[in-house]
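What's in data-v1.cif: mmCIF, C-alpha atoms
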data_final
loop_
_atom_site.label_atom_id
_atom_site.label_comp_id
_atom_site.auth_asym_id
_atom_site.auth_seq_id
_atom_site.Cartn_x
_atom_site.Cartn_y
_atom_site.Cartn_z
CA MET G 1140 -69.14 -39.70 74.98
CA GLU G 1141 -67.31 -40.38 71.71
CA GLU G 1142 -66.44 -43.93 70.72
CA HIS G 1143 -62.78 -44.77 70.28
CA ALA G 1144 -61.06 -45.60 66.99
CA ILE G 1145 -57.63 -46.89 66.04
CA VAL G 1146 -55.85 -45.57 62.95
CA ALA G 1147 -53.24 -47.73 61.21
CA GLY G 1148 -51.04 -46.82 58.25
CA ARG G 1149 -47.88 -47.37 56.24
CA ARG G 1150 -46.37 -43.98 57.05
CA GLU G 1151 -44.86 -42.82 60.32
CA THR G 1152 -47.35 -39.95 60.55
CA VAL G 1153 -51.10 -40.26 60.13
CA THR G 1154 -52.45 -38.10 57.29
CA PRO G 1155 -53.95 -35.08 59.10
CA TRP G 1156 -57.23 -35.08 57.22
CA VAL G 1157 -57.75 -38.77 58.05
CA ALA G 1158 -57.68 -38.06 61.78
CA GLN G 1159 -59.97 -35.07 61.24
CA THR G 1160 -62.44 -37.19 59.26
CA VAL G 1161 -62.48 -39.84 61.99
CA SER G 1162 -63.28 -37.10 64.50
CA ALA G 1163 -66.06 -35.78 62.26
CA LEU G 1164 -67.59 -39.27 62.24
CA GLY G 1165 -67.90 -39.04 66.02
CA TYR G 1166 -64.85 -41.06 67.07
CA GLU G 1167 -61.85 -40.15 69.17
CA VAL G 1168 -58.55 -41.52 67.92
CA ALA G 1169 -57.40 -43.59 70.90
CA GLY G 1170 -54.20 -44.82 69.31
CA THR G 1171 -52.23 -45.18 66.09
CA ALA G 1172 -50.24 -48.06 64.66
CA THR G 1173 -47.89 -46.82 61.96
CA ALA G 1174 -44.56 -47.61 60.33
CA ASP G 1175 -42.78 -46.32 57.28
CA SER G 1176 -42.95 -49.65 55.47
CA PRO G 1177 -43.88 -50.99 52.02
CA GLU G 1178 -47.32 -52.31 51.26
CA ASP G 1179 -48.06 -55.86 52.40
CA GLY G 1180 -49.68 -58.01 49.71
CA ARG G 1181 -52.17 -59.59 52.07
CA TYR G 1182 -53.28 -56.94 54.56
CA TYR G 1183 -51.96 -53.79 52.85
CA LEU G 1184 -50.61 -52.90 56.32
CA PRO G 1185 -47.20 -54.40 57.21
CA PRO G 1186 -47.41 -57.39 59.60
CA GLY G 1187 -45.94 -55.49 62.55
CA VAL G 1188 -48.51 -52.71 62.11
CA VAL G 1189 -51.36 -55.23 61.99
CA GLU G 1190 -50.18 -56.78 65.26
CA ARG G 1191 -49.84 -53.39 66.98
CA ALA G 1192 -53.30 -52.41 65.78
CA GLU G 1193 -54.67 -55.66 67.17
CA ARG G 1194 -53.13 -54.97 70.57
CA LEU G 1195 -54.50 -51.41 70.59
CA LEU G 1196 -57.99 -52.64 69.69
CA ASP G 1197 -57.87 -55.16 72.52
CA ARG G 1198 -56.55 -52.66 75.07
CA THR G 1199 -58.90 -49.77 74.21
CA GLY G 1200 -62.00 -51.70 73.25
CA ALA G 1201 -62.28 -49.46 70.18
CA PRO G 1202 -65.01 -50.63 67.79
CA LEU G 1203 -63.44 -49.05 64.67
CA LEU G 1204 -60.20 -49.58 62.77
CA VAL G 1205 -59.37 -47.00 60.10
CA VAL G 1206 -56.68 -47.76 57.54
CA ASP G 1207 -54.80 -44.64 56.46
CA GLY G 1208 -54.44 -45.83 52.89
CA GLU G 1209 -56.28 -47.35 49.94
CA PRO G 1210 -56.24 -51.16 50.14
CA HIS G 1211 -57.95 -53.09 47.37
CA VAL G 1212 -61.05 -55.16 48.05
CA GLY G 1213 -59.08 -58.39 48.52
CA GLN G 1214 -56.91 -56.80 51.21
CA LEU G 1215 -60.02 -55.40 52.89
CA ALA G 1216 -61.47 -58.90 52.91
CA ASP G 1217 -58.32 -60.22 54.61
CA LEU G 1218 -58.52 -57.47 57.22
CA ARG G 1219 -62.20 -58.21 57.80
CA GLU G 1220 -61.38 -61.87 58.40
CA ARG G 1221 -58.56 -60.85 60.76
CA PHE G 1222 -60.85 -58.44 62.68
CA PRO G 1223 -64.35 -59.91 62.26
CA ASP G 1224 -65.89 -58.05 65.23
CA ILE G 1225 -64.48 -54.62 64.41
CA ALA G 1226 -65.93 -52.03 62.03
CA LEU G 1227 -63.39 -51.44 59.28
CA ARG G 1228 -62.84 -48.40 57.06
CA ASP G 1229 -60.09 -47.21 54.81
CA ARG G 1230 -59.60 -43.50 54.27
CA ARG G 1231 -61.84 -43.49 51.18
CA SER G 1232 -64.82 -45.07 52.90
CA ALA G 1233 -64.28 -42.84 55.95
CA VAL G 1234 -64.76 -39.77 53.74
CA TRP G 1235 -67.73 -41.37 51.97
CA ALA G 1236 -69.33 -42.15 55.32
CA ARG G 1237 -68.82 -38.53 56.41
CA LEU G 1238 -70.55 -37.25 53.27
CA ALA G 1239 -73.29 -39.89 53.17
CA ALA G 1240 -75.47 -38.14 55.76
CA SER G 1241 -76.86 -35.80 53.08
CA ASN G 1242 -75.06 -36.90 49.91
CA PRO G 1243 -76.94 -39.74 48.13
CA VAL G 1244 -74.03 -40.34 45.73
CA ALA G 1245 -71.62 -40.96 48.61
CA ASP G 1246 -74.19 -43.17 50.31
CA ASP G 1247 -74.54 -45.29 47.15
CA ARG G 1248 -70.76 -45.49 46.71
CA LEU G 1249 -70.43 -46.70 50.28
CA ALA G 1250 -73.18 -49.30 49.72
CA LEU G 1251 -71.42 -50.51 46.55
CA ARG G 1252 -68.17 -50.92 48.50
CA ARG G 1253 -69.99 -53.00 51.15
CA ALA G 1254 -71.61 -55.22 48.51
CA ARG G 1255 -68.28 -55.78 46.73
CA LEU G 1256 -66.60 -56.72 50.00
CA GLU G 1257 -69.39 -59.09 50.98
CA ARG G 1258 -69.25 -60.67 47.53
CA ARG G 1259 -65.49 -61.24 47.87
CA LEU G 1260 -65.99 -62.89 51.27
CA ALA G 1261 -68.80 -65.07 49.88
CA GLU G 1262 -66.62 -66.12 46.97
CA ARG G 1263 -63.92 -67.21 49.41
CA ALA G 1264 -66.39 -69.22 51.43
CA GLN G 1265 -67.60 -70.87 48.23
CA ARG G 1266 -64.07 -71.85 47.21
CA GLN G 1267 -63.48 -73.29 50.65
CA GLY G 1268 -66.22 -75.86 50.05
CA SER G 1269 -69.43 -74.26 51.36
CA ALA G 1270 -72.76 -75.48 50.03
CA GLN G 1271 -73.30 -74.89 46.32
CA SER G 1272 -77.09 -74.94 46.28
CA PRO G 1273 -79.05 -71.76 45.42
CA GLU G 1274 -79.75 -71.47 49.13
CA GLY G 1275 -76.08 -71.82 49.99
CA THR G 1276 -72.97 -69.77 49.35
CA GLY G 1277 -73.31 -70.07 45.58
CA GLY G 1278 -76.71 -68.41 45.75
CA ARG G 1279 -75.29 -65.75 48.07
CA VAL G 1280 -72.54 -64.88 45.56
CA ALA G 1281 -75.07 -64.57 42.72
CA ASP G 1282 -77.31 -62.37 44.83
CA LEU G 1283 -74.43 -60.09 45.79
CA GLU G 1284 -73.36 -59.88 42.14
CA ARG G 1285 -76.86 -58.66 41.26
CA GLN G 1286 -76.69 -56.15 44.12
CA CYS G 1287 -73.38 -54.81 42.83
CA ASP G 1288 -74.83 -54.36 39.33
CA GLN G 1289 -77.92 -52.61 40.69
CA ARG G 1290 -75.88 -50.32 42.93
CA ARG G 1291 -73.52 -49.40 40.07
CA ASP G 1292 -76.51 -48.46 37.90
CA ARG G 1293 -78.12 -46.42 40.68
CA LEU G 1294 -74.81 -44.74 41.44
CA SER G 1295 -74.43 -43.70 37.80
CA ASP G 1296 -77.98 -42.30 37.74
CA ARG G 1297 -77.46 -40.32 40.93
CA GLN G 1298 -74.15 -38.95 39.73
CA GLN G 1299 -75.87 -37.62 36.61
CA ARG G 1300 -78.75 -36.13 38.59
CA ALA G 1301 -76.30 -34.38 40.92
CA ARG G 1302 -74.54 -32.84 37.92
CA ASP G 1303 -77.83 -31.79 36.33
CA ARG G 1304 -78.94 -30.16 39.58
CA VAL G 1305 -75.99 -27.77 39.30
CA THR G 1306 -75.77 -27.21 35.55
CA GLY G 1307 -79.50 -26.57 35.23
CA SER G 1308 -79.71 -23.98 38.00
CA HIS G 1309 -78.96 -20.25 38.07
CA THR G 1310 -78.15 -20.19 34.37
CA ASP G 1311 -78.77 -16.43 34.17
CA ALA G 1312 -76.06 -15.48 36.68
CA ASP G 1313 -73.40 -12.97 35.65
CA ALA G 1314 -70.59 -15.12 37.03
CA TYR G 1315 -70.05 -18.47 38.72
CA VAL G 1316 -67.87 -18.81 41.80
CA VAL G 1317 -66.83 -21.96 43.64
CA MET G 1318 -65.85 -21.64 47.29
CA ALA G 1319 -63.33 -24.41 48.02
CA HIS G 1320 -62.24 -25.82 51.37
CA THR G 1321 -59.94 -28.51 52.72
CA VAL G 1322 -60.81 -31.13 55.34
CA GLY G 1323 -60.10 -29.79 58.79
CA ALA G 1324 -58.94 -26.39 57.58
CA SER G 1325 -62.10 -24.51 56.69
CA SER G 1326 -61.10 -20.86 56.55
CA GLY G 1327 -64.57 -19.42 56.94
CA VAL G 1328 -64.53 -18.31 53.29
CA ASP G 1329 -67.90 -19.53 52.05
CA ARG G 1330 -71.06 -18.34 50.33
CA GLY G 1331 -72.61 -17.51 53.70
CA LEU G 1332 -70.33 -14.46 53.89
CA LEU G 1333 -72.13 -13.00 50.87
CA LEU G 1334 -75.62 -13.87 52.13
CA ALA G 1335 -75.60 -13.09 55.85
CA GLN G 1336 -75.13 -9.64 57.28
CA ASP G 1337 -72.91 -9.02 60.29
CA ARG G 1338 -71.49 -12.56 60.23
CA THR G 1339 -68.18 -13.12 61.98
CA PRO G 1340 -65.65 -15.86 61.16
CA ALA G 1341 -66.85 -17.73 64.26
CA ASP G 1342 -70.31 -17.97 62.68
CA ALA G 1343 -69.02 -19.90 59.66
CA GLU G 1344 -70.70 -23.23 59.08
CA ALA G 1345 -68.88 -26.45 58.22
CA PRO G 1346 -68.52 -27.09 54.47
CA PRO G 1347 -71.59 -28.84 53.02
CA LEU G 1348 -71.66 -32.54 52.22
CA ARG G 1349 -72.63 -31.90 48.59
CA ALA G 1350 -72.50 -28.88 46.30
CA GLU G 1351 -74.82 -26.10 47.53
CA THR G 1352 -75.47 -22.92 45.50
CA ASP G 1353 -77.06 -19.54 46.15
CA VAL G 1354 -77.07 -16.35 44.11
CA ALA G 1355 -75.53 -13.35 45.85
CA GLY G 1356 -75.12 -9.75 44.78
CA VAL G 1357 -71.46 -8.75 44.45
CA GLY G 1358 -71.31 -5.16 43.32
CA ILE G 1359 -73.51 -4.98 40.23
CA HIS G 1360 -73.11 -8.69 39.57
CA ASP G 1361 -75.49 -11.53 40.35
CA VAL G 1362 -73.05 -14.30 41.23
CA ALA G 1363 -73.99 -17.97 41.55
CA THR G 1364 -71.82 -19.03 44.47
CA THR G 1365 -71.30 -22.73 45.19
CA ASP G 1366 -69.80 -24.22 48.33
CA ILE G 1367 -68.34 -27.67 47.67
CA PRO G 1368 -67.53 -30.42 50.18
CA ALA G 1369 -64.19 -30.13 51.95
CA VAL G 1370 -61.41 -31.66 49.85
CA PRO G 1371 -59.08 -34.27 51.40
CA TRP G 1372 -56.16 -32.24 50.15
CA THR G 1373 -52.58 -33.43 49.84
CA GLY G 1374 -51.69 -31.37 46.79
CA ARG G 1375 -54.28 -32.97 44.52
CA VAL G 1376 -57.94 -33.98 44.53
CA PRO G 1377 -58.25 -37.79 44.82
CA GLU G 1378 -60.24 -39.51 42.04
CA TRP G 1379 -62.22 -41.50 44.60
CA PHE G 1380 -63.35 -38.20 46.15
CA GLU G 1381 -64.37 -36.77 42.79
CA ALA G 1382 -66.59 -39.82 42.21
CA VAL G 1383 -68.89 -38.84 45.10
CA VAL G 1384 -69.04 -35.08 44.47
CA PRO G 1385 -70.27 -34.84 40.87
CA GLY G 1386 -72.14 -31.63 41.66
CA ALA G 1387 -68.90 -30.05 42.82
CA LEU G 1388 -67.19 -31.02 39.57
CA ALA G 1389 -70.09 -29.59 37.55
CA ALA G 1390 -69.80 -26.34 39.51
CA LEU G 1391 -66.05 -26.21 38.90
CA GLU G 1392 -66.49 -26.87 35.18
CA ARG G 1393 -68.68 -23.79 34.78
CA ALA G 1394 -66.82 -21.64 37.32
CA THR G 1395 -65.28 -18.36 36.29
CA LEU G 1396 -63.63 -17.95 39.71
CA VAL G 1397 -62.41 -20.39 42.39
CA CYS G 1398 -62.20 -18.71 45.78
CA SER G 1399 -60.59 -20.16 48.90
CA GLY G 1400 -58.70 -19.25 52.01
CA VAL G 1401 -56.19 -21.94 50.95
CA SER G 1402 -54.17 -20.41 48.13
CA ASP G 1403 -52.67 -23.61 46.66
CA LEU G 1404 -56.12 -25.25 46.56
CA ALA G 1405 -57.61 -22.26 44.73
CA ALA G 1406 -54.67 -22.19 42.30
CA ALA G 1407 -54.77 -25.91 41.54
CA LEU G 1408 -58.52 -26.06 40.96
CA ALA G 1409 -58.55 -22.86 38.91
CA ASP G 1410 -55.73 -24.12 36.70
CA ARG G 1411 -57.42 -27.45 36.11
CA PHE G 1412 -60.86 -26.03 35.36
CA ASP G 1413 -59.76 -22.93 33.43
CA ALA G 1414 -60.96 -20.42 36.00
CA ALA G 1415 -59.28 -17.58 37.86
CA PRO G 1416 -58.01 -18.26 41.39
CA VAL G 1417 -59.08 -15.89 44.17
CA THR G 1418 -57.55 -16.00 47.64
CA ALA G 1419 -59.35 -13.94 50.25
CA GLU G 1420 -57.08 -12.01 52.61
CA ARG G 1421 -59.37 -12.62 55.57
CA PRO G 1422 -62.61 -14.56 56.13
CA THR G 1423 -64.77 -11.45 56.24
CA GLU G 1424 -67.54 -10.26 53.96
CA ALA G 1425 -65.63 -7.12 52.96
CA ALA G 1426 -62.44 -9.03 52.14
CA VAL G 1427 -64.23 -11.67 50.07
CA ARG G 1428 -66.31 -9.09 48.19
CA ARG G 1429 -63.20 -7.02 47.48
CA ALA G 1430 -61.32 -10.08 46.21
CA LEU G 1431 -64.18 -11.16 43.95
CA CYS G 1432 -64.89 -7.67 42.61
CA SER G 1433 -61.29 -7.34 41.48
CA HIS G 1434 -61.94 -10.23 39.06
CA LEU G 1435 -65.45 -9.36 37.89
CA GLU G 1436 -65.31 -7.22 34.76
CA THR G 1437 -67.65 -4.33 34.00
CA ALA G 1438 -68.49 -2.11 31.03
CA ASP G 1439 -69.50 1.57 31.08
CA LEU G 1440 -72.35 2.65 28.79
CA ASP G 1441 -73.69 6.09 27.91
CA VAL G 1442 -77.36 5.77 26.98
CA SER G 1443 -79.79 8.19 25.33
CA LEU G 1444 -83.51 7.43 25.07
CA SER G 1445 -86.52 9.29 23.76
CA TYR G 1446 -89.61 9.69 25.96
CA THR G 1447 -91.68 6.56 25.32
CA ASP G 1448 -93.37 4.03 27.57
CA GLU G 1449 -90.87 1.44 26.42
CA ALA G 1450 -87.97 3.76 27.27
CA HIS G 1451 -89.34 4.43 30.78
CA ALA G 1452 -89.64 0.70 31.36
CA LEU G 1453 -86.06 0.25 30.18
CA VAL G 1454 -84.84 2.95 32.59
CA SER G 1455 -86.41 1.03 35.47
CA ARG G 1456 -84.74 -2.13 34.24
CA LEU G 1457 -81.37 -0.42 34.04
CA HIS G 1458 -81.75 0.71 37.65
CA ASP G 1459 -82.32 -2.93 38.61
CA GLN G 1460 -79.59 -4.54 36.50
CA THR G 1461 -76.80 -1.97 36.41
CA GLU G 1462 -75.25 0.78 38.47
CA VAL G 1463 -76.81 4.03 37.21
CA ARG G 1464 -74.09 6.62 37.77
CA ARG G 1465 -75.91 9.56 36.20
CA VAL G 1466 -79.37 10.27 34.84
CA ALA G 1467 -80.62 13.51 33.25
CA TYR G 1468 -84.05 14.36 31.88
CA GLY G 1469 -83.84 16.98 29.11
CA GLU G 1470 -84.87 16.72 25.50
CA ARG G 1471 -84.04 13.02 25.93
CA ILE G 1472 -83.37 10.71 28.84
CA ASP G 1473 -79.59 10.43 29.18
CA LEU G 1474 -77.95 7.90 31.48
CA SER G 1475 -74.46 6.71 32.29
CA VAL G 1476 -74.44 3.15 33.62
CA THR G 1477 -71.98 0.46 34.61
CA ALA G 1478 -73.01 -3.06 33.62
CA PRO G 1479 -71.56 -6.55 34.01
CA ALA G 1480 -69.24 -7.02 31.04
CA ASP G 1481 -70.80 -10.32 29.99
CA GLY G 1482 -74.25 -8.75 29.91
CA ALA G 1483 -73.37 -5.50 28.17
CA ASP G 1484 -74.14 -6.74 24.65
CA ALA G 1485 -77.63 -7.87 25.66
CA ILE G 1486 -78.26 -4.49 27.31
CA GLU G 1487 -77.16 -2.70 24.14
CA ARG G 1488 -79.61 -4.75 22.09
CA ARG G 1489 -82.48 -3.86 24.43
CA ILE G 1490 -81.56 -0.15 24.22
CA ARG G 1491 -81.62 -0.23 20.42
CA ALA G 1492 -84.89 -2.13 20.46
CA ALA G 1493 -86.37 0.68 22.58
CA GLY G 1494 -85.26 3.28 20.01
CA GLY G 1495 -82.23 4.43 21.96
CA ARG G 1496 -78.58 5.15 21.33
CA VAL G 1497 -75.67 3.74 23.26
CA GLU G 1498 -71.94 4.47 23.42
CA ARG G 1499 -69.13 2.77 25.31
CA PRO G 1500 -66.91 5.68 26.41
CA SER G 1501 -63.80 3.54 26.74
CA GLU G 1502 -64.12 2.49 23.10
CA GLY G 1503 -65.26 5.82 21.66
CA GLY G 1504 -67.74 6.34 18.85
CA ASP G 1505 -71.50 5.98 18.76
CA SER G 1506 -73.43 2.88 17.96
CA GLU G 1507 -76.01 3.30 15.25
CA ASP G 1508 -79.35 4.76 16.21
CA GLY G 1509 -82.19 2.45 16.92
#
The structure in this file should be written as structure tokens.
Amino acid sequence: MEEHAIVAGRRETVTPWVAQTVSALGYEVAGTATADSPEDGRYYLPPGVVERAERLLDRTGAPLLVVDGEPHVGQLADLRERFPDIALRDRRSAVWARLAASNPVADDRLALRRARLERRLAERAQRQGSAQSPEGTGGRVADLERQCDQRRDRLSDRQQRARDRVTGSHTDADAYVVMAHTVGASSGVDRGLLLAQDRTPADAEAPPLRAETDVAGVGIHDVATTDIPAVPWTGRVPEWFEAVVPGALAALERATLVCSGVSDLAAALADRFDAAPVTAERPTEAAVRRALCSHLETADLDVSLSYTDEAHALVSRLHDQTEVRRVAYGERIDLSVTAPADGADAIERRIRAAGGRVERPSEGGDSEDG
């Protein structure tokens, strides 16, 4: 049976992805306390909302209060003192907790938040006259300060490693595609469509908790396809979310295409990261392949090779790396191939190195003989 949670916020309606994140954490939202009111300096939540949340917590026995907003650490400390026996999350830490299961960066960010909150509470206790000895509150504050420094350093290291894991992998792909999703609205458009045969939309897995990449064949292209964690989307990507998905940002920075079943998400990310947006018509393999192929450029090459061992080896390689549309064995080996546009220059160089000739029909004219 799921535990209960109460969600409280400063808007009449709870942000949809907040409720969906709470559900993903294993809680059922048993009640909401909301009002369209300005931020309160002490609790972030207006006083009337705090009181309604307190009554709901008492009535339902819910062990978790989630604030639909972004209170600062001082306001979180006030809420913790108001509800000392209740687990407390704001919407940022709820997302971090969801990702932390297999995302070390999110886990470290969550740990840093806890240390900062505990330090703030210890500082308050110290000001209120607690013991000042190294064994007392003063020593506790110093220890928590050291913990915060250590966690910030470890967080920075893990963020860099997460970026390196993406940028250093699959560097020989023809194209880079990011599959983007929103919290609670996964469309089934993911890299699994390109990897699994006979998969239906019902077979789609939930978005990963960190960037995950595989290389898939799309036409003649080898495409590095990255699924990124679901974005808490309200028309923009929150900075606090970006901080715990550095691998996703690295994937977006090198992406040539951003594909999603959510058109405005694909458009916004593609515009920001200088990629092309791709919206799949349906979450099927055929639809996604068709949408991607329409954006993946190709080049046609007419090739002529003499009969040498090196030329025969090159023919085999062309069969592996291009679409061979025609091959004829006469006085020479003549082929017509379609290659990924970005790799066509390298293929031309290999042909010349093997003593061959190459022409791009769309451009006309022969290249010089090898």
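Taking only C-alpha atoms into account, G:Ala1430 lies nearest to G:Ser1399 out of the set G:Ser1445, G:Ser1455, G:Gln1214, G:Ser1399.
Omitting stretch 1252-1254 of chain G and its sequence neighbours fewer than 5 positions away, and counting only C-alpha atoms, the residues within 10 Å are G:Val1212, G:Ser1232, G:Asp1246, G:Asp1247, G:Arg1259, G:Leu1260, G:Asp1282, G:Leu1283, G:Glu1284, G:Arg1285, G:Gln1286, G:Cys1287, G:Asp1288, G:Arg1290.
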Quote the spacing between atom CA of G:Tyr1315 and atom CA of G:Leu1396 in Å to one decimal place. 6.5 Å
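Candidate residues G:Ala1480, G:Val1244, G:Val1397, G:Ala1426 were compared for distance to G:Arg1411, and the nearest is G:Val1397, using all atoms listed in the file.
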Which residues are close to G:Arg1194, i.e. within 12 Å by all atoms listed in the file, leaving aside same-chain residues fewer than 6 positions away? Reply as a short mmCIF file (atom, residue, chain, number, x, y, z; two decimals) with C-alpha atoms, in the coordinates of the input.
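So around20.cif came out as:
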data_model
loop_
_atom_site.label_atom_id
_atom_site.label_comp_id
_atom_site.auth_asym_id
_atom_site.auth_seq_id
_atom_site.Cartn_x
_atom_site.Cartn_y
_atom_site.Cartn_z
CA ILE G 1145 -57.63 -46.89 66.04
CA ALA G 1147 -53.24 -47.73 61.21
CA GLY G 1170 -54.20 -44.82 69.31
CA THR G 1171 -52.23 -45.18 66.09
CA ALA G 1172 -50.24 -48.06 64.66
CA GLY G 1187 -45.94 -55.49 62.55
CA VAL G 1188 -48.51 -52.71 62.11
CA GLY G 1200 -62.00 -51.70 73.25
CA ALA G 1201 -62.28 -49.46 70.18
CA LEU G 1204 -60.20 -49.58 62.77
CA PHE G 1222 -60.85 -58.44 62.68
#
Mind telling me what the PyMOL selection byres ((chain G and resi 1231) around 12) catches here, as an NGL selection string? :G and (1156-1157 or 1160-1161 or 1205-1211 or 1227-1230 or 1232-1238 or 1245 or 1248-1249 or 1252 or 1370-1371 or 1377-1383)
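With all atoms listed in the file as the atoms that count, the residue of G:His1309, G:Arg1488, G:Arg1255, G:Arg1330 with the shortest distance to G:Pro1422 is G:Arg1330.
Across the structure, atom CA of G:Leu1348 and atom CA of G:Leu1294 are spaced 16.6 Å apart.
You will find atom CA of G:Arg1428 at 26.7 Å from atom CA of G:Gly1374.
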Top pick for closest residue to G:Ala1483, considering G:Leu1457, G:Gly1386, G:Glu1220, G:Glu1141 and counting only C-alpha atoms: G:Leu1457
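Among G:Asp1403, G:Glu1151, G:Asp1292, G:Asp1224, the residue with the shortest atom-to-atom distance to G:Pro1416, counting only C-alpha atoms, is G:Asp1403.
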Hey, which of G:Val1305, G:Ala1438, G:Val1357, G:Cys1398 ends up closest to G:Gly1327? Count only C-alpha atoms. G:Cys1398
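For the file at hand, the PyMOL selection byres ((chain G and resi 1180) around 10) resolves to Pro1177, Glu1178, Asp1179, Arg1181, Tyr1182, Tyr1183, Leu1184, Pro1185, Pro1210, His1211, Gly1213 and Gln1214 of chain G.
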Would you mind exporting C-alpha atoms of the selected residues as a PDB file, keeping the file's coordinate frame?
ATOM      1  CA  PRO G1177     -43.880 -50.990  52.020  1.00  0.00           C
ATOM      2  CA  GLU G1178     -47.320 -52.310  51.260  1.00  0.00           C
ATOM      3  CA  ASP G1179     -48.060 -55.860  52.400  1.00  0.00           C
ATOM      4  CA  ARG G1181     -52.170 -59.590  52.070  1.00  0.00           C
ATOM      5  CA  TYR G1182     -53.280 -56.940  54.560  1.00  0.00           C
ATOM      6  CA  TYR G1183     -51.960 -53.790  52.850  1.00  0.00           C
ATOM      7  CA  LEU G1184     -50.610 -52.900  56.320  1.00  0.00           C
ATOM      8  CA  PRO G1185     -47.200 -54.400  57.210  1.00  0.00           C
ATOM      9  CA  PRO G1210     -56.240 -51.160  50.140  1.00  0.00           C
ATOM     10  CA  HIS G1211     -57.950 -53.090  47.370  1.00  0.00           C
ATOM     11  CA  GLY G1213     -59.080 -58.390  48.520  1.00  0.00           C
ATOM     12  CA  GLN G1214     -56.910 -56.800  51.210  1.00  0.00           C
TER      13      GLN G1214
END
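Excluding G:Asp1481 itself and any same-chain residue fewer than 4 positions from it, the protein and nucleic acid residues within 8 Å of it, counting only C-alpha atoms, are Asp1313, Glu1436 and Thr1437 of chain G.
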